[in-house]
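A.B. asks: Coordinates in query-v8.txt, compact mmCIF, C-alpha atoms and all ligand atoms, are listed below.
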# COMPACT_ATOMS: atom_id res chain seq x y z
CA MET A 14 48.17 33.53 93.75
CA ASN A 15 51.78 32.51 93.07
CA GLU A 16 52.67 29.95 95.76
CA ASN A 17 56.38 30.75 95.42
CA VAL A 18 55.92 34.32 96.62
CA LYS A 19 56.84 34.83 100.26
CA ILE A 20 57.14 38.64 100.28
CA TRP A 21 54.48 41.13 99.18
CA GLY A 22 54.56 44.90 98.87
CA LEU A 23 50.96 45.65 99.78
CA GLY A 24 49.33 48.86 98.67
CA ILE A 25 46.92 49.65 101.49
CA GLY A 26 45.56 52.91 100.19
CA PRO A 27 45.82 56.58 101.12
CA GLY A 28 44.19 56.63 104.56
CA ASP A 29 40.63 55.36 104.74
CA PRO A 30 40.99 51.68 105.77
CA GLU A 31 38.18 50.76 103.39
CA LEU A 32 40.28 51.85 100.40
CA ILE A 33 42.19 48.56 100.35
CA THR A 34 41.79 46.00 97.59
CA LEU A 35 40.29 42.59 98.33
CA LYS A 36 43.57 41.04 97.19
CA ALA A 37 45.69 43.11 99.57
CA LEU A 38 43.26 42.41 102.42
CA GLY A 39 43.48 38.65 101.92
CA ILE A 40 47.29 38.70 101.83
CA LEU A 41 47.50 41.03 104.85
CA GLN A 42 45.35 38.74 106.96
CA ALA A 43 47.10 35.53 105.86
CA ALA A 44 50.71 36.71 106.27
CA ASP A 45 52.80 35.33 109.15
CA VAL A 46 54.68 38.62 109.51
CA VAL A 47 53.64 42.20 108.81
CA ALA A 48 56.44 44.72 108.17
CA TYR A 49 56.06 48.49 107.93
CA PRO A 50 57.97 51.75 108.19
CA ALA A 51 57.53 53.97 111.24
CA PRO A 52 59.14 57.28 112.15
CA ALA A 53 61.81 56.88 114.84
CA ASN A 54 59.76 59.00 117.27
CA GLY A 55 56.17 58.40 116.34
CA ASP A 56 53.41 56.09 115.25
CA SER A 57 53.31 54.39 111.88
CA LEU A 58 50.61 55.75 109.60
CA VAL A 59 50.45 52.58 107.50
CA ARG A 60 50.09 50.44 110.62
CA ALA A 61 47.21 52.66 111.71
CA ILE A 62 45.51 52.33 108.31
CA ALA A 63 45.83 48.53 108.45
CA THR A 64 44.87 48.15 112.14
CA PRO A 65 41.11 47.51 111.61
CA HIS A 66 42.01 44.57 109.37
CA MET A 67 44.59 42.92 111.67
CA SER A 68 43.98 40.35 114.40
CA GLY A 69 46.91 41.59 116.51
CA ASN A 70 48.40 38.08 116.61
CA GLN A 71 50.87 38.51 113.75
CA GLU A 72 54.59 39.01 114.18
CA GLU A 73 55.62 42.56 113.24
CA ILE A 74 58.83 44.01 111.81
CA ILE A 75 59.07 47.75 112.39
CA ILE A 76 61.38 49.55 109.97
CA SER A 77 62.26 52.54 112.11
CA THR A 78 63.06 55.43 109.80
CA PRO A 79 64.78 58.54 111.19
CA MET A 80 63.76 61.81 109.50
CA VAL A 81 67.10 62.66 107.94
CA THR A 82 67.99 64.38 104.70
CA GLU A 83 71.24 62.49 104.14
CA ARG A 84 70.97 59.43 101.91
CA TYR A 85 73.22 56.98 103.75
CA PRO A 86 71.57 56.65 107.18
CA ALA A 87 68.27 55.88 105.45
CA GLN A 88 69.98 53.29 103.25
CA ASN A 89 71.26 51.56 106.39
CA VAL A 90 67.70 51.43 107.69
CA TYR A 91 66.57 49.59 104.56
CA ASP A 92 69.57 47.23 104.73
CA LYS A 93 68.50 46.30 108.25
CA GLY A 94 64.80 46.01 107.29
CA ALA A 95 65.65 43.80 104.30
CA SER A 96 67.83 41.54 106.42
CA GLU A 97 65.05 41.11 109.04
CA ILE A 98 62.56 40.28 106.27
CA SER A 99 65.06 37.81 104.72
CA ALA A 100 65.52 36.09 108.09
CA ALA A 101 61.74 35.67 108.44
CA VAL A 102 61.46 34.18 104.95
CA GLU A 103 64.43 31.85 105.55
CA SER A 104 62.62 30.53 108.64
CA GLY A 105 59.61 29.62 106.46
CA LYS A 106 57.40 32.65 107.12
CA THR A 107 55.51 34.88 104.69
CA VAL A 108 55.93 38.66 104.99
CA ALA A 109 53.50 41.42 103.96
CA VAL A 110 55.11 44.87 103.78
CA LEU A 111 52.54 47.63 104.30
CA CYS A 112 52.80 50.56 101.88
CA GLU A 113 50.76 53.74 102.05
CA GLY A 114 48.90 54.28 98.76
CA ASP A 115 50.63 52.28 96.04
CA PRO A 116 54.07 50.71 96.63
CA PHE A 117 55.54 51.82 93.30
CA PHE A 118 54.15 55.36 93.31
CA TYR A 119 56.90 57.26 95.18
CA GLY A 120 56.81 54.55 97.85
CA SER A 121 59.76 53.76 100.13
CA PHE A 122 58.99 50.08 99.48
CA MET A 123 61.17 50.43 96.40
CA TYR A 124 64.25 50.49 98.66
CA LEU A 125 63.27 47.10 100.07
CA PHE A 126 62.27 45.76 96.65
CA VAL A 127 65.70 46.36 95.15
CA ARG A 128 67.36 44.67 98.12
CA LEU A 129 65.06 41.61 98.23
CA SER A 130 63.92 40.87 94.69
CA GLU A 131 67.22 39.41 93.50
CA SER A 132 67.06 36.73 96.17
CA TYR A 133 63.31 36.10 96.52
CA PRO A 134 60.18 36.44 94.37
CA VAL A 135 58.52 39.66 95.56
CA GLN A 136 55.03 40.58 94.42
CA VAL A 137 53.57 44.07 94.49
CA ILE A 138 49.84 44.45 95.05
CA PRO A 139 48.83 47.84 93.69
CA GLY A 140 46.94 50.26 95.88
CA VAL A 141 44.73 53.34 95.57
CA THR A 142 47.20 56.19 95.20
CA SER A 143 47.03 59.52 97.00
CA LEU A 144 46.69 61.10 93.56
CA ALA A 145 43.44 59.22 92.94
CA ALA A 146 42.24 59.91 96.49
CA CYS A 147 42.96 63.66 96.33
CA SER A 148 41.32 64.01 92.92
CA ALA A 149 38.21 62.18 94.18
CA GLU A 150 37.97 64.13 97.45
CA LEU A 151 38.46 67.45 95.66
CA ALA A 152 35.86 66.38 93.06
CA LEU A 153 38.43 67.40 90.43
CA PRO A 154 38.72 65.01 87.46
CA LEU A 155 42.38 64.91 86.41
CA ALA A 156 42.45 64.36 82.67
CA ALA A 157 40.54 63.56 79.50
CA ARG A 158 41.54 62.55 75.97
CA ASN A 159 44.97 64.11 75.19
CA ASP A 160 45.50 65.92 78.50
CA VAL A 161 48.90 65.63 80.14
CA VAL A 162 49.06 65.08 83.91
CA SER A 163 52.27 65.82 85.73
CA VAL A 164 53.24 64.74 89.24
CA ILE A 165 55.69 67.28 90.63
CA PRO A 166 57.60 66.79 93.89
CA GLY A 167 57.44 70.02 95.92
CA THR A 168 61.12 69.45 96.69
CA ILE A 169 62.36 70.49 93.23
CA ASP A 170 63.60 74.05 92.72
CA ALA A 171 61.31 76.88 91.68
CA ALA A 172 62.56 77.17 88.09
CA ALA A 173 62.13 73.44 87.41
CA MET A 174 58.70 73.50 89.04
CA GLU A 175 57.59 76.40 86.86
CA GLN A 176 58.78 74.57 83.74
CA GLN A 177 56.89 71.39 84.68
CA LEU A 178 53.73 73.31 85.53
CA MET A 179 53.79 75.16 82.21
CA ALA A 180 54.11 71.85 80.31
CA ALA A 181 51.12 70.09 81.93
CA ASN A 182 47.36 70.53 81.67
CA THR A 183 46.90 69.22 85.20
CA ALA A 184 49.59 68.99 87.86
CA ALA A 185 49.67 67.34 91.25
CA ILE A 186 52.31 68.78 93.55
CA ILE A 187 53.24 66.22 96.21
CA LYS A 188 55.60 66.43 99.22
CA VAL A 189 54.38 69.95 99.96
CA GLY A 190 55.55 70.24 103.61
CA ARG A 191 58.03 73.06 104.17
CA HIS A 192 58.01 73.84 100.44
CA LEU A 193 54.55 75.42 100.59
CA GLY A 194 55.88 79.00 100.40
CA LYS A 195 57.97 78.25 97.31
CA ILE A 196 55.06 76.47 95.63
CA LYS A 197 52.72 79.39 96.34
CA ASN A 198 55.25 81.81 94.82
CA VAL A 199 55.63 79.73 91.64
CA LEU A 200 51.86 79.38 91.19
CA LYS A 201 51.42 83.12 91.75
CA LYS A 202 54.14 83.89 89.20
CA ILE A 203 52.39 81.84 86.48
CA GLY A 204 48.95 83.15 87.44
CA ALA A 205 47.62 79.76 88.58
CA THR A 206 46.78 80.39 92.25
CA GLY A 207 43.07 80.56 91.48
CA GLU A 208 43.18 77.16 89.78
CA ALA A 209 44.96 75.37 92.61
CA TYR A 210 43.43 73.36 95.46
CA TYR A 211 45.18 72.23 98.62
CA ILE A 212 44.24 68.99 100.39
CA GLU A 213 45.82 67.42 103.46
CA ARG A 214 45.33 63.90 104.85
CA ALA A 215 42.95 62.92 102.06
CA THR A 216 40.37 60.26 103.08
CA MET A 217 41.51 60.37 106.72
CA GLU A 218 39.25 61.68 109.51
CA SER A 219 41.36 64.85 109.73
CA GLN A 220 41.12 65.61 105.99
CA ARG A 221 41.23 69.33 105.17
CA ILE A 222 40.56 71.04 101.84
CA VAL A 223 41.31 74.72 101.12
CA PRO A 224 41.39 76.62 97.80
CA LEU A 225 45.01 77.77 97.54
CA CYS A 226 43.97 81.41 97.33
CA ASP A 227 42.50 81.09 100.86
CA LEU A 228 45.41 79.16 102.38
CA ASP A 229 47.33 81.33 104.87
CA ASP A 230 49.52 78.49 106.25
CA GLU A 231 53.26 78.80 105.70
CA SER A 232 53.99 75.09 105.85
CA ALA A 233 51.97 71.93 105.39
CA PRO A 234 51.94 68.43 106.86
CA TYR A 235 53.79 65.71 104.99
CA PHE A 236 50.54 64.13 103.77
CA SER A 237 49.35 67.02 101.65
CA MET A 238 49.02 67.77 97.96
CA ILE A 239 48.12 70.65 95.66
CA ILE A 240 46.23 69.94 92.45
CA VAL A 241 46.35 72.56 89.72
CA ARG A 242 44.13 72.23 86.67
CA ARG A 243 44.87 75.00 84.21
CA SER A 244 43.98 73.91 80.71
CA GLY A 245 43.09 70.95 78.54
CA GLU A 246 40.16 68.96 77.31
CA ILE A 247 38.94 68.14 80.80
CA LEU A 248 37.73 71.74 81.10
CA ASN A 249 35.65 71.49 77.92
CA LEU A 250 33.68 68.28 78.32
C1 LIG A 301 56.47 59.34 99.50
S1 LIG A 301 54.97 59.83 98.70
C2 LIG A 301 54.06 58.34 98.85
C3 LIG A 301 52.89 58.25 97.89
C4 LIG A 301 52.09 56.97 98.06
N1 LIG A 301 52.90 55.80 97.83
C5 LIG A 301 50.87 56.95 97.13
O1 LIG A 301 50.67 55.97 96.41
O2 LIG A 301 50.10 57.91 97.14
C6 LIG A 301 54.24 60.81 99.95
C7 LIG A 301 53.46 61.98 99.37
O3 LIG A 301 52.23 61.52 98.84
C8 LIG A 301 51.21 62.46 99.13
N2 LIG A 301 50.18 61.81 99.96
C9 LIG A 301 50.20 60.54 100.39
N3 LIG A 301 49.06 60.27 101.05
C10 LIG A 301 48.32 61.39 101.06
C11 LIG A 301 47.05 61.73 101.59
N4 LIG A 301 46.30 60.84 102.24
N5 LIG A 301 46.60 63.00 101.39
C12 LIG A 301 47.33 63.89 100.70
N6 LIG A 301 48.54 63.62 100.17
C13 LIG A 301 49.03 62.39 100.35
C14 LIG A 301 51.84 63.63 99.85
O4 LIG A 301 52.13 64.64 98.92
C15 LIG A 301 53.08 63.01 100.42
O5 LIG A 301 54.10 63.97 100.62
Any chance you could give the structure as structure tokens?
Ligand SMILES: C[S@@+](CC[C@H](N)C(=O)[O-])C[C@H]1O[C@@H](n2cnc3c(N)ncnc32)[C@H](O)[C@@H]1O
C.D. replies:
Amino acid sequence: MNENVKIWGLGIGPGDPELITLKALGILQAADVVAYPAPANGDSLVRAIATPHMSGNQEEIIISTPMVTERYPAQNVYDKGASEISAAVESGKTVAVLCEGDPFFYGSFMYLFVRLSESYPVQVIPGVTSLAACSAELALPLAARNDVVSVIPGTIDAAAMEQQLMAANTAAIIKVGRHLGKIKNVLKKIGATGEAYYIERATMESQRIVPLCDLDDESAPYFSMIIVRRSGEILNL
């Protein structure tokens, strides 16, 4: 381990507390301070995932994140979080920042990384991504040989989504939430509803799996994903 590093972005996996690496576990338990994002009016999912591994005696920095669509209030939140982490490091403490899944796979840790890494060495410890977890729980291998896998945010518009889906052998649609209706329409249009599987809260106790053709819901929780496997070598092994 690099002794100069005082800040870590720790991938702590997609939900099941056992899906943490040994390296992340060691750093989590040794850190003086544990920092993590939490919704302004609710509990932090990453803190809950890490709870079985924590003694309860560590200092905590809560990065309270309001659910807003505008960019600037959220940026202020990360400015404040970064300055609290900097203050801890300046006083000689080490800080582990908890990240759901992997820090650099669509993780909000990136906002802290860009603010802190010019002043301090910051090390990322990779984690089990939600993509890997959803694939495993659905028992759907993602790709073989020359197959192309695409990760598509459900937030993009329908035309762009259709284009991305048509270009990939396997696609994982993340950030489903209130975009479920649009996603269903696009998949129906390209004739892929029967090849799509919906999973929410993968590896958590409340995990739910439904073939998309049987899913009547009009919206989905934030922690949900749709995997579509339409073509490619994976189907002909
Ligand atoms: C901001 S991204 C964070 C991804 C995370 N850093 C990772 O490595 O998986 C959040 C999206 O990941 C997906 N996601 C994360 N955890 C999930 C889980 N346990 N089950 C299903 N989808 C999940 C959802 O699509 C969610 O909207």
A.B. asks: Give me the region 129-247 of chain A side of the contact with region 91-115 of chain A, cut-off 10 Å, one line per residue showing its nearest atom pair and distance in Å at one decimal, counting all atoms listed in the file, sorted by chain and residue number, as a Markdown table.
C.D. replies:
| residue | atom | partner | partner_atom | distance |
| --- | --- | --- | --- | --- |
| A:Leu129 | CA | A:Ala95 | CA | 6.5 |
| A:Ser132 | CA | A:Ser99 | CA | 8.8 |
| A:Tyr133 | CA | A:Ser99 | CA | 8.6 |
| A:Val135 | CA | A:Val108 | CA | 9.8 |
| A:Gln136 | CA | A:Ala109 | CA | 9.7 |
| A:Val137 | CA | A:Asp115 | CA | 8.9 |
| A:Ile138 | CA | A:Asp115 | CA | 7.9 |
| A:Pro139 | CA | A:Asp115 | CA | 5.3 |
| A:Gly140 | CA | A:Asp115 | CA | 4.2 |
| A:Val141 | CA | A:Gly114 | CA | 5.3 |
| A:Thr142 | CA | A:Gly114 | CA | 4.4 |
| A:Ser143 | CA | A:Gly114 | CA | 5.8 |
| A:Leu144 | CA | A:Gly114 | CA | 8.9 |
| A:Ala145 | CA | A:Gly114 | CA | 9.4 |
| A:Ala146 | CA | A:Gly114 | CA | 9.0 |
A.B. asks: Go ahead and write the residues just picked, C-alpha atoms, as a compact mmCIF listing (two decimals), in the frame of the given file.
C.D. replies:
# COMPACT_ATOMS: atom_id res chain seq x y z
CA LEU A 129 65.06 41.61 98.23
CA SER A 132 67.06 36.73 96.17
CA TYR A 133 63.31 36.10 96.52
CA VAL A 135 58.52 39.66 95.56
CA GLN A 136 55.03 40.58 94.42
CA VAL A 137 53.57 44.07 94.49
CA ILE A 138 49.84 44.45 95.05
CA PRO A 139 48.83 47.84 93.69
CA GLY A 140 46.94 50.26 95.88
CA VAL A 141 44.73 53.34 95.57
CA THR A 142 47.20 56.19 95.20
CA SER A 143 47.03 59.52 97.00
CA LEU A 144 46.69 61.10 93.56
CA ALA A 145 43.44 59.22 92.94
CA ALA A 146 42.24 59.91 96.49
A.B. asks: Could you tell me which of A:Leu225, A:Val164, A:Tyr235, A:Ile212 comes closest to Lys188 (chain A) if we count only C-alpha atoms?
C.D. replies: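 That would be A:Tyr235, the residue with the smallest distance to Lys188 (chain A).
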A.B. asks: Hey, could you make a per-residue contact list for chain A against ligand LIG 301 (chain A) with 10 Å as the cut-off, showing the nearest pair of atoms and its distance in Å to one decimal, counting all atoms listed in the file, sorted by chain and number, as a tab-separated table?
C.D. replies:
residue	atom	partner	partner_atom	distance
A:Gly24	CA	A:LIG301	O1	7.6
A:Ile25	CA	A:LIG301	O1	8.9
A:Gly26	CA	A:LIG301	O1	7.1
A:Pro27	CA	A:LIG301	N4	4.4
A:Gly28	CA	A:LIG301	N4	5.2
A:Asp29	CA	A:LIG301	N4	8.3
A:Leu58	CA	A:LIG301	N3	9.8
A:Cys112	CA	A:LIG301	N1	6.6
A:Glu113	CA	A:LIG301	N1	5.2
A:Gly114	CA	A:LIG301	O1	3.4
A:Asp115	CA	A:LIG301	O1	3.7
A:Pro116	CA	A:LIG301	N1	5.4
A:Phe117	CA	A:LIG301	N1	6.6
A:Phe118	CA	A:LIG301	O1	4.7
A:Tyr119	CA	A:LIG301	C2	4.8
A:Gly120	CA	A:LIG301	N1	4.1
A:Ser121	CA	A:LIG301	C1	6.5
A:Phe122	CA	A:LIG301	N1	8.5
A:Met123	CA	A:LIG301	N1	10.0
A:Pro139	CA	A:LIG301	O1	8.8
A:Gly140	CA	A:LIG301	O1	6.8
A:Val141	CA	A:LIG301	O1	6.6
A:Thr142	CA	A:LIG301	O1	3.7
A:Ser143	CA	A:LIG301	O2	3.5
A:Leu144	CA	A:LIG301	O2	5.9
A:Ala145	CA	A:LIG301	O2	8.0
A:Ala146	CA	A:LIG301	N4	7.1
A:Cys147	CA	A:LIG301	C12	6.2
A:Ser148	CA	A:LIG301	C12	9.8
A:Glu150	CA	A:LIG301	N5	9.6
A:Val164	CA	A:LIG301	O4	9.7
A:Ile165	CA	A:LIG301	O4	9.4
A:Pro166	CA	A:LIG301	O4	7.7
A:Gly167	CA	A:LIG301	O4	8.1
A:Thr168	CA	A:LIG301	O5	9.7
A:Ala185	CA	A:LIG301	O4	8.5
A:Ile186	CA	A:LIG301	O4	6.8
A:Ile187	CA	A:LIG301	O4	3.3
A:Lys188	CA	A:LIG301	O5	3.2
A:Val189	CA	A:LIG301	O4	5.9
A:Gly190	CA	A:LIG301	O5	7.1
A:Tyr211	CA	A:LIG301	C12	8.9
A:Ile212	CA	A:LIG301	C12	6.0
A:Glu213	CA	A:LIG301	C12	4.7
A:Arg214	CA	A:LIG301	N5	3.8
A:Ala215	CA	A:LIG301	N5	3.7
A:Thr216	CA	A:LIG301	N4	6.0
A:Met217	CA	A:LIG301	N4	6.6
A:Ser219	CA	A:LIG301	N4	9.8
A:Gln220	CA	A:LIG301	N5	7.6
A:Arg221	CA	A:LIG301	N5	9.1
A:Ile222	CA	A:LIG301	C12	9.9
A:Ala233	CA	A:LIG301	O5	9.5
A:Pro234	CA	A:LIG301	O5	8.0
A:Tyr235	CA	A:LIG301	O5	4.7
A:Phe236	CA	A:LIG301	C13	4.1
A:Ser237	CA	A:LIG301	N6	3.8
A:Met238	CA	A:LIG301	O4	4.5
A:Ile239	CA	A:LIG301	O4	7.9
A.B. asks: Mind giving me the straight-line distance from CA of Leu155 (chain A) to CA of Ala61 (chain A) in Å, one decimal?
C.D. replies: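 Between these atoms lies a distance of 28.5 Å.
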A.B. asks: In Å, rounded to a single decimal, give me how far CA of Leu178 (chain A) is from CA of Ile203 (chain A).
C.D. replies: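 Distance reported for this atom pair: 8.7 Å.
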A.B. asks: Give me, please, the distance in Å between CA of Ile74 (chain A) and CA of Ala48 (chain A), quoted to one decimal.
C.D. replies: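 We find that CA of Ile74 (chain A) and CA of Ala48 (chain A) lie 4.4 Å from each other.
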A.B. asks: Of the residues A:Glu231, A:Gln177, A:Leu153, A:Cys226, which is the one nearest to Arg191 (chain A), using all atoms listed in the file?
C.D. replies: A:Glu231
A.B. asks: Mind checking which residues fall within 7 Å of Ser163 (chain A), counting only C-alpha atoms, ignoring those fewer than 3 positions away in the same chain, and posting them as a list of chain:residue names?
C.D. replies: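 After dropping sequence-adjacent residues, the list is A:Ala181, A:Thr183, A:Ala184, A:Ala185.
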